[in-house]
Structure formats: C-alpha cells, structure tokens
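Everything on this sheet refers to the single structure shown next.
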Amino acid sequence: MKRSTIFIIIVVILVVNLISYKISNSINQPLLPVQKQVGKLNVSIDPRMELLTAIQGISSCQNIQRNSFYYRSVEAYFASFRKMQAVSYTDTLAETGFSHDAPIEFMLHLGQPDACEPHLPYSDYLISRAQGEQHLVNYQKAIHEFAKTTRFRQFWRRNKSFYDQIIDLNVSGLSGTDWISVMEAYFNSSQNSYNIVFSPLLRAGYGPSIPAENGSKNIFACLPLEWKEDNIPYLNRENLMYYIWHEFGHSFVNHEVEKYVETVERTSVLFKPIQNEMVKQNYGNWNICVNEHITRAVTVRLIENNIGKKEADRILNYELENSFIYMEPVLEKLKKYEDMRESEKITFSDFIPELLTVFDSLSKTDYTAMALSVPSFSGPINKAYLAGKIAVIYPTNRLNNESFNRTKKYVESIHQRFFKEGLLIPDTIAIKADLSDYGLIVYGAVENNLFIEKYKSGLPFEMKGNTVIADREYTESGLRLITCLPNPQNKKLGMVIYTATANENIPDINNVFHGPEDYIIFINRNHVLKKGFYEKTDKWRF
C-alpha cells in the first residue's frame, strides 16, 4: 500500500474520531440556559423551567398559557408521554397544595436536565408544601425519568433559536434604568445575584430565592411573557418594572417578616375581612398576606420615587381593587422608613419591627369598615373574573339561526370551562335582571347583544360598520375587541365585553392572551393591533 494511501486513511480515522468525540461530548454536556447579562441582572431562559412547564402543559395544571404556537409545539412533542409518572405526580401534588410557586422553587434546587439531580438540600418551605420530603424525592426521580425518556434535550435544541430571540427582545426593554441599584438603595442591603428567568408558558410571576455560599441569596424573578412582537413573546417595560421590583422584593421582605411570626400572628384577625378574596388569589393565610401587603407597598413607593405619582396611583388602585385593603397605612409607614434611612442610615431589616406595628394598630380599629369601603372597579380584565358571583351573557338580537346557534354553543363552552358555577343567561333576560351582585362576562357584537346596546353610551369605544373607533379608527377586516369596564349596575364590580365588528367573529374570541390589560384590539392571536390601559375618570377613555 502506498504511503499516501496510508496517510489518507489515518487522516480519515482521526477526523471520524474527532467528530465522534465532539458528538459524544455534546450529548454528555449538561444543557445550559440561554442568557445575557444586563448590569447586575442575569436574564435567561432556563432548561429546568421549560422542562417543568412542558410537564405542566400536558397535565391538568391551570397555571400554563395554552394559546400560543410554542404551547402547540410542546403539546405536539410531549403529548404521547401524558401517562408518565411525572405528569400524574404533578397533578397529585397540586391537589395537596404543591402548586404555583412551589414547583418553580423546587426546580431551582435541581441541576440541569437531563440528570435533574438535587444540588441543594430541600428547604423546610418546600418540604411543608409537598407534605413530606419523600414526595420531593419521588418527584425529582419522576422528572429525571421524563427528561430522559422524552429526550428533552432534543426539544430544547429545536427551540433554541426561539429562546435566543426572546432573550434579545426582552433585554432591549431593560436598558436605561439601573433597576437593581434602585432596589438595593431602597432596602439599604443587597443579595448575591439577581436572576430573571423568562418562560413562555407561565401565566404568573414568582420570586423564589436560593441560599448562596456566602450566606446571602441568589434571588429569582420567574416571569411570564404577556405581549408579542412578530410572534416573539415579551414583557413591556411597565410590566418588567413591576415584576422585577415585586418579585425580587419578596426576597428582601419575606425572610425579615419570618423573624416575627408571633407578632404577625397576633394581628391575624385582619385576615377575616379579606380571606375569601385572598384565597381566590392563592394567598391562603395571614402571614402570606402580610408579605404581599408590604412587598406591594414597597413596589408602589419605588414606582412613585422613580417613575412618578400617576403610575404609582394607578398601581395602588389596582392593589386596592384586589383587596389589599391595608396598603395605604403601610405606605405611610414606609415614608417614615425612607426618612430614617436617609437620616439614620438604617436598613429595611432594622425597620421591620416598627413596620409591623401598622397591623397591630389596625387590629385594634374597625378594620371591617376598610373591607367594606372597596373603591370602584378600575381594571384590568383579570380583576373582573374575581367577583364572588359571575353572570355570562350571550346575544340573541338580529341573529339568524346559524349565527345564534354557533355563538350560543361557543359561549356555553366558555361558561362550562371557566364559569360553570355562575349564571348563563341570554341578553333578553339580562336587560331586565338585577345583576348588581355579579361580575359580568358579555359576548356579542354591540347591535347583537341587547345588554351591550342598552349601556353603549358608557362605552369608551364605538363600532360603526367594520370600523372600531378607539384611540384611532381601526378599519382592518375581522376586528375583535376584549375590554373591561365597571358593571353598569354596580361600579364596584367589573364587566368584560367580548365584542367584534361582526358577530361571526365572536366564536374563538377567547383564543388570544388577555387579562393583564384593560383592553385588547386584535384580529387573531397572532395579530394584535393595540392593548393597554384607559384613562379613568368619571368616564373611561383611551
């Protein structure tokens, strides 16, 4: 054999071995987050969260967005694995209280897929939420098996370019404000690291923290993505601001409040007037409510000090609407803290005992009167759904049989899925009924729903033929509008109107992400024209 031939064979063998090594090394490499650094903020999409939300997405979990092409790709890839133990365990644990923030925090105690091995001891909080450490051990093993069997690594790689686009778009919204320095200055303390984890399927934000080796904390804001630009989900600047200060704020607040369990418990009578509304929002005890009141009040102070009073007042009114009725006394006490922080250089931790005296003082007053003095409904859409009683109203006016039957069938399906404990009534009944005790969900084009038509003079928009007149005139074909307003029979409760330029566009109208805003004008879930908040005086307006 010629030397040149031998040389070529050796080279080929070396190249093949090198390629095999790289493939093998790549397969064995742990998956890493897609991430960027913005000042002190680490912004990422984390494989652990995407694995968790994929499992939740094919379970019965209610905390998942299911109206995006990303969810459809999750369902297409993982649907055949619905019978795996990780999925059934997700449902079983949720039934006993291991839901919302608990699974999120749990995943941060694990290493990256595929192994998902525990790399931190489980906290007492997680063990309590799971009703025993063995449940956490079993869940970890089930998740590991799910990641391995489904080849989650392959799903991650298929979607990595999508994750890159999400990070690039959202990082651009973080520029211009040193969010973390502002917050550290407020609390007069700092944490080890600050991590935003975006997840396209999340419906709500969570703020867990994980112990760091230096005795401080690595704190997280695990956030949903509520808007879209060219089909790439993102959070607008206002929502980012609120979520960052709120979710990170919990890591500064909760641990400090925990030092005074007996002090908090002495004021637990304050929970009773707001208990029903708090439980609806998954705040099931008074200790959690104290943390929420303080964290939300700090967020309002940060907004007023750094953004402006108008935006702070809007957020405060939103919190009051959500039954955080003790916010204003807490805010006044925080102003005292701010003065003492400047004059005496105290930290937030130093001030906590005095801050908690707010609740002690309130417990000795007519606190039930505060619960009764609920302000008028001020949005957003999600708030209207929290009413104790719901009435869903469908249209009957000027509709042919086909259009009527199709619309009614659709509204019945929405009622059965989301509001089956509430009323389902036609507009002919609604215009004569006393609905002052109900949150209202109203479907139909303005001329087709007699209830909307009866109160149309109070609407901030007009429908003229195929045109929607709002902040401007919208003339696109197939226009739809979802908006909230006060119930015209009781301004303390809300009403959500699902309307369109033609009643034929009402079926499937819910199939767009909505809720955090006051209104959304759109054609379909991939073509949103405008969303936002009204100017709210005696009459709401764009």
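Residues are referred to by chain and number: the chain letter is A, B, ... according to the order shown in the structure tokens, the number counts from 1 in that chain, and ligands are numbered separately from 1 in the order shown.
Residues of stretch 427-503 of chain A assigned to helix (DSSP H, G or I) by DSSP on this structure's backbone: Asp427, Thr428, Ile429, Ala430, Val446, Glu447, Asn448, Leu450, Phe451, Ile452, Glu453, Lys454, Lys456, Ser457, Gly458 and Asn503 of chain A.
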With only C-alpha atoms as the counted atoms, please give the residues lying no more than 7 Å from stretch 233-238 of chain A, apart from itself and same-chain residues fewer than 4 positions off, as a PDB file with N, CA, C and O atoms, in the first residue's frame.
```pdb
ATOM      1  N   ILE A 166     -36.224  35.529  22.102  1.00  0.00           N
ATOM      2  CA  ILE A 166     -36.935  36.047  23.278  1.00  0.00           C
ATOM      3  C   ILE A 166     -35.983  36.847  24.157  1.00  0.00           C
ATOM      4  O   ILE A 166     -36.303  37.968  24.596  1.00  0.00           O
ATOM      5  N   LEU A 169     -35.006  40.234  22.519  1.00  0.00           N
ATOM      6  CA  LEU A 169     -36.087  41.221  22.525  1.00  0.00           C
ATOM      7  C   LEU A 169     -36.315  41.771  23.929  1.00  0.00           C
ATOM      8  O   LEU A 169     -36.493  42.981  24.118  1.00  0.00           O
ATOM      9  N   ASN A 170     -36.303  40.911  24.928  1.00  0.00           N
ATOM     10  CA  ASN A 170     -36.598  41.357  26.292  1.00  0.00           C
ATOM     11  C   ASN A 170     -35.452  42.134  26.925  1.00  0.00           C
ATOM     12  O   ASN A 170     -35.687  43.036  27.722  1.00  0.00           O
ATOM     13  N   GLY A 173     -35.669  45.822  26.451  1.00  0.00           N
ATOM     14  CA  GLY A 173     -36.596  46.560  27.307  1.00  0.00           C
ATOM     15  C   GLY A 173     -36.040  46.871  28.681  1.00  0.00           C
ATOM     16  O   GLY A 173     -36.672  47.597  29.460  1.00  0.00           O
ATOM     17  N   LEU A 225     -44.554  35.911  29.800  1.00  0.00           N
ATOM     18  CA  LEU A 225     -44.369  36.836  28.676  1.00  0.00           C
ATOM     19  C   LEU A 225     -45.753  37.133  28.109  1.00  0.00           C
ATOM     20  O   LEU A 225     -46.403  36.239  27.572  1.00  0.00           O
ATOM     21  N   GLU A 226     -46.209  38.388  28.241  1.00  0.00           N
ATOM     22  CA  GLU A 226     -47.618  38.690  28.038  1.00  0.00           C
ATOM     23  C   GLU A 226     -47.930  39.409  26.727  1.00  0.00           C
ATOM     24  O   GLU A 226     -49.081  39.644  26.401  1.00  0.00           O
ATOM     25  N   TRP A 227     -46.905  39.812  25.971  1.00  0.00           N
ATOM     26  CA  TRP A 227     -47.109  40.556  24.733  1.00  0.00           C
ATOM     27  C   TRP A 227     -46.376  39.839  23.606  1.00  0.00           C
ATOM     28  O   TRP A 227     -45.582  38.933  23.846  1.00  0.00           O
ATOM     29  N   LYS A 228     -46.615  40.256  22.373  1.00  0.00           N
ATOM     30  CA  LYS A 228     -45.916  39.644  21.240  1.00  0.00           C
ATOM     31  C   LYS A 228     -45.490  40.718  20.246  1.00  0.00           C
ATOM     32  O   LYS A 228     -46.204  41.686  19.999  1.00  0.00           O
ATOM     33  N   GLU A 229     -44.304  40.524  19.687  1.00  0.00           N
ATOM     34  CA  GLU A 229     -43.819  41.359  18.590  1.00  0.00           C
ATOM     35  C   GLU A 229     -43.282  40.419  17.528  1.00  0.00           C
ATOM     36  O   GLU A 229     -42.307  39.708  17.759  1.00  0.00           O
ATOM     37  N   TYR A 242     -42.633  46.427  37.187  1.00  0.00           N
ATOM     38  CA  TYR A 242     -43.442  45.950  38.307  1.00  0.00           C
ATOM     39  C   TYR A 242     -42.980  44.568  38.762  1.00  0.00           C
ATOM     40  O   TYR A 242     -42.785  44.321  39.956  1.00  0.00           O
TER      41      TYR A 242
END
```
Exercise. Work out how far apart atom CA of A:Arg157 and atom CA of A:Ala221 are and give it in Å to one decimal.
Key: 24.0 Å
Practice problem: Quick one: everything within 12 Å of A:Trp245, counting only C-alpha atoms, minus sequence neighbours fewer than 2 positions away in the same chain. Send it as a ChimeraX atom specification. | Solution: /A:178-184,186-187,194,196,205-207,219-221,238-243,247-253,295-303,306
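Using only C-alpha atoms, the shortest contact distance between A:Ser403 and any of A:Val446, A:Ile506, A:Ala212, A:Leu110 is found at A:Ile506.
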Self-check item: Gap from atom CA of A:Ile104 to atom CA of A:Pro208 - Å, one decimal
Solution: 7.7 Å
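The nearest approach to A:Val269 among the residues A:Ser349, A:Ser209, A:Ser361, A:Ser99, with only C-alpha atoms taken into account, belongs to A:Ser361.
Of the listed residues (A:Cys222, A:Ala502, A:Ala204, A:Leu320), A:Ala204 comes nearest to A:Gln62; the distances count only C-alpha atoms.
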Quiz prompt | stretch 130-135 of chain A environment, 8 Å, only C-alpha atoms, sequence neighbours closer than 2 positions dropped, as a PyMOL selection string | solution = chain A and resi 93+96-98+122+126-128+137-139
Those residues with C-alpha atoms, as a JSON list (two decimals), in the first residue's frame please?
```json
[["chain", "number", "residue", "atom", "x", "y", "z"],
["A", 93, "LEU", "CA", -49.06, 17.18, 44.30],
["A", 96, "THR", "CA", -52.44, 18.77, 48.08],
["A", 97, "GLY", "CA", -51.06, 22.30, 47.72],
["A", 98, "PHE", "CA", -47.78, 21.86, 45.85],
["A", 122, "TYR", "CA", -34.74, 20.99, 50.00],
["A", 126, "LEU", "CA", -40.74, 23.02, 50.03],
["A", 127, "ILE", "CA", -40.98, 20.02, 52.35],
["A", 128, "SER", "CA", -44.01, 21.56, 54.03],
["A", 137, "VAL", "CA", -37.55, 12.74, 46.24],
["A", 138, "ASN", "CA", -40.16, 10.85, 44.22],
["A", 139, "TYR", "CA", -40.99, 13.89, 42.09]]
```
If we count only C-alpha atoms and set the cut-off at 10 Å, which residues sit around A:Thr149, ignoring sequence neighbours fewer than 5 positions away in its own chain? Please answer as a tab-separated table (two decimals) with N, CA and C atoms, in the first residue's frame.
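For reference, selection-v4.tsv as written:
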```tsv
chain	number	residue	atom	x	y	z
A	81	PHE	N	-46.54	11.36	25.94
A	81	PHE	CA	-45.94	10.96	27.22
A	81	PHE	C	-46.82	11.34	28.41
A	84	MET	N	-46.88	9.34	31.77
A	84	MET	CA	-45.68	9.16	32.58
A	84	MET	C	-45.90	9.66	34.00
A	114	ASP	N	-30.19	16.64	31.57
A	114	ASP	CA	-31.10	15.53	31.71
A	114	ASP	C	-31.14	14.93	33.13
A	143	ILE	N	-39.27	13.32	37.33
A	143	ILE	CA	-38.89	14.35	36.36
A	143	ILE	C	-37.64	13.93	35.59
A	144	HIS	N	-36.67	13.34	36.31
A	144	HIS	CA	-35.46	12.83	35.65
A	144	HIS	C	-35.83	11.78	34.59
```
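When only C-alpha atoms are used to measure the gap to A:Asn526, the shortest distance among A:Asp366, A:Glu304, A:Asp230, A:Asp91 belongs to A:Asp230.
By chain and then residue number, the residues within 10 Å of A:Gly422 are Gly388, Lys389, Ile390, Ala391, Val392, His415, Gln416, Tyr438, Gly439 and Leu440 of chain A, counting only C-alpha atoms and disregarding those fewer than 6 positions away in sequence.
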Requested write-out: N, CA, C and O atoms of the selected residues, as a tab-separated table (two decimals), in the first residue's frame:
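As written to disk, selection11.tsv reads:
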```tsv
chain	number	residue	atom	x	y	z
A	388	GLY	N	-67.25	37.42	43.37
A	388	GLY	CA	-67.78	36.23	44.03
A	388	GLY	C	-68.79	35.48	43.18
A	388	GLY	O	-68.85	34.25	43.19
A	389	LYS	N	-69.59	36.24	42.42
A	389	LYS	CA	-70.59	35.62	41.53
A	389	LYS	C	-70.38	36.15	40.11
A	389	LYS	O	-70.10	37.34	39.92
A	390	ILE	N	-70.55	35.29	39.14
A	390	ILE	CA	-70.34	35.65	37.74
A	390	ILE	C	-71.61	35.37	36.94
A	390	ILE	O	-72.27	34.34	37.14
A	391	ALA	N	-71.95	36.28	36.03
A	391	ALA	CA	-73.03	36.06	35.07
A	391	ALA	C	-72.47	36.18	33.66
A	391	ALA	O	-71.84	37.19	33.32
A	392	VAL	N	-72.67	35.15	32.86
A	392	VAL	CA	-72.22	35.14	31.47
A	392	VAL	C	-73.44	35.40	30.58
A	392	VAL	O	-74.46	34.69	30.69
A	415	HIS	N	-68.56	29.07	29.35
A	415	HIS	CA	-69.21	29.03	30.66
A	415	HIS	C	-68.89	27.71	31.38
A	415	HIS	O	-68.54	27.69	32.56
A	416	GLN	N	-68.99	26.62	30.67
A	416	GLN	CA	-68.76	25.31	31.27
A	416	GLN	C	-67.30	25.14	31.70
A	416	GLN	O	-67.00	24.56	32.74
A	438	TYR	N	-73.05	40.80	40.57
A	438	TYR	CA	-72.31	39.89	39.70
A	438	TYR	C	-71.19	40.60	38.95
A	438	TYR	O	-71.33	41.75	38.53
A	439	GLY	N	-70.09	39.88	38.76
A	439	GLY	CA	-69.14	40.23	37.73
A	439	GLY	C	-69.72	39.75	36.42
A	439	GLY	O	-70.25	38.64	36.34
A	440	LEU	N	-69.65	40.57	35.37
A	440	LEU	CA	-70.34	40.25	34.12
A	440	LEU	C	-69.34	39.88	33.01
A	440	LEU	O	-68.30	40.54	32.85
```
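Within stretch 152-305 of chain A, DSSP run on the backbone puts these residues in strand (DSSP E): A:Ser193, A:Tyr194, A:Asn195, A:Ile196, A:Val197, A:Phe198, A:Ser209, A:Ile210, A:Pro211, A:Lys217, A:Asn218, A:Ile219, A:Phe220, A:Ala221, A:Cys222, A:Leu223, A:Trp227, A:Lys228, A:Glu229, A:Ile232, A:Pro233, A:Tyr234.
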Quiz item: What's the 12 Å shell around A:His514, counting only C-alpha atoms, without same-chain residues fewer than 6 positions away, as a PyMOL selection string?
Solution: chain A and resi 65-67+203+225-228+380-383+481-484+496+498+520-522+524-525+528+530-532
Quiz item: Distance atom CA of A:Arg129-atom CA of A:Phe418, one decimal place?
Solution: 26.3 Å
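With only C-alpha atoms as the atoms that count, the minimum distance from A:Val442 to the choices A:Tyr260, A:Trp540, A:Phe162, A:Tyr455 is reached by A:Tyr455.
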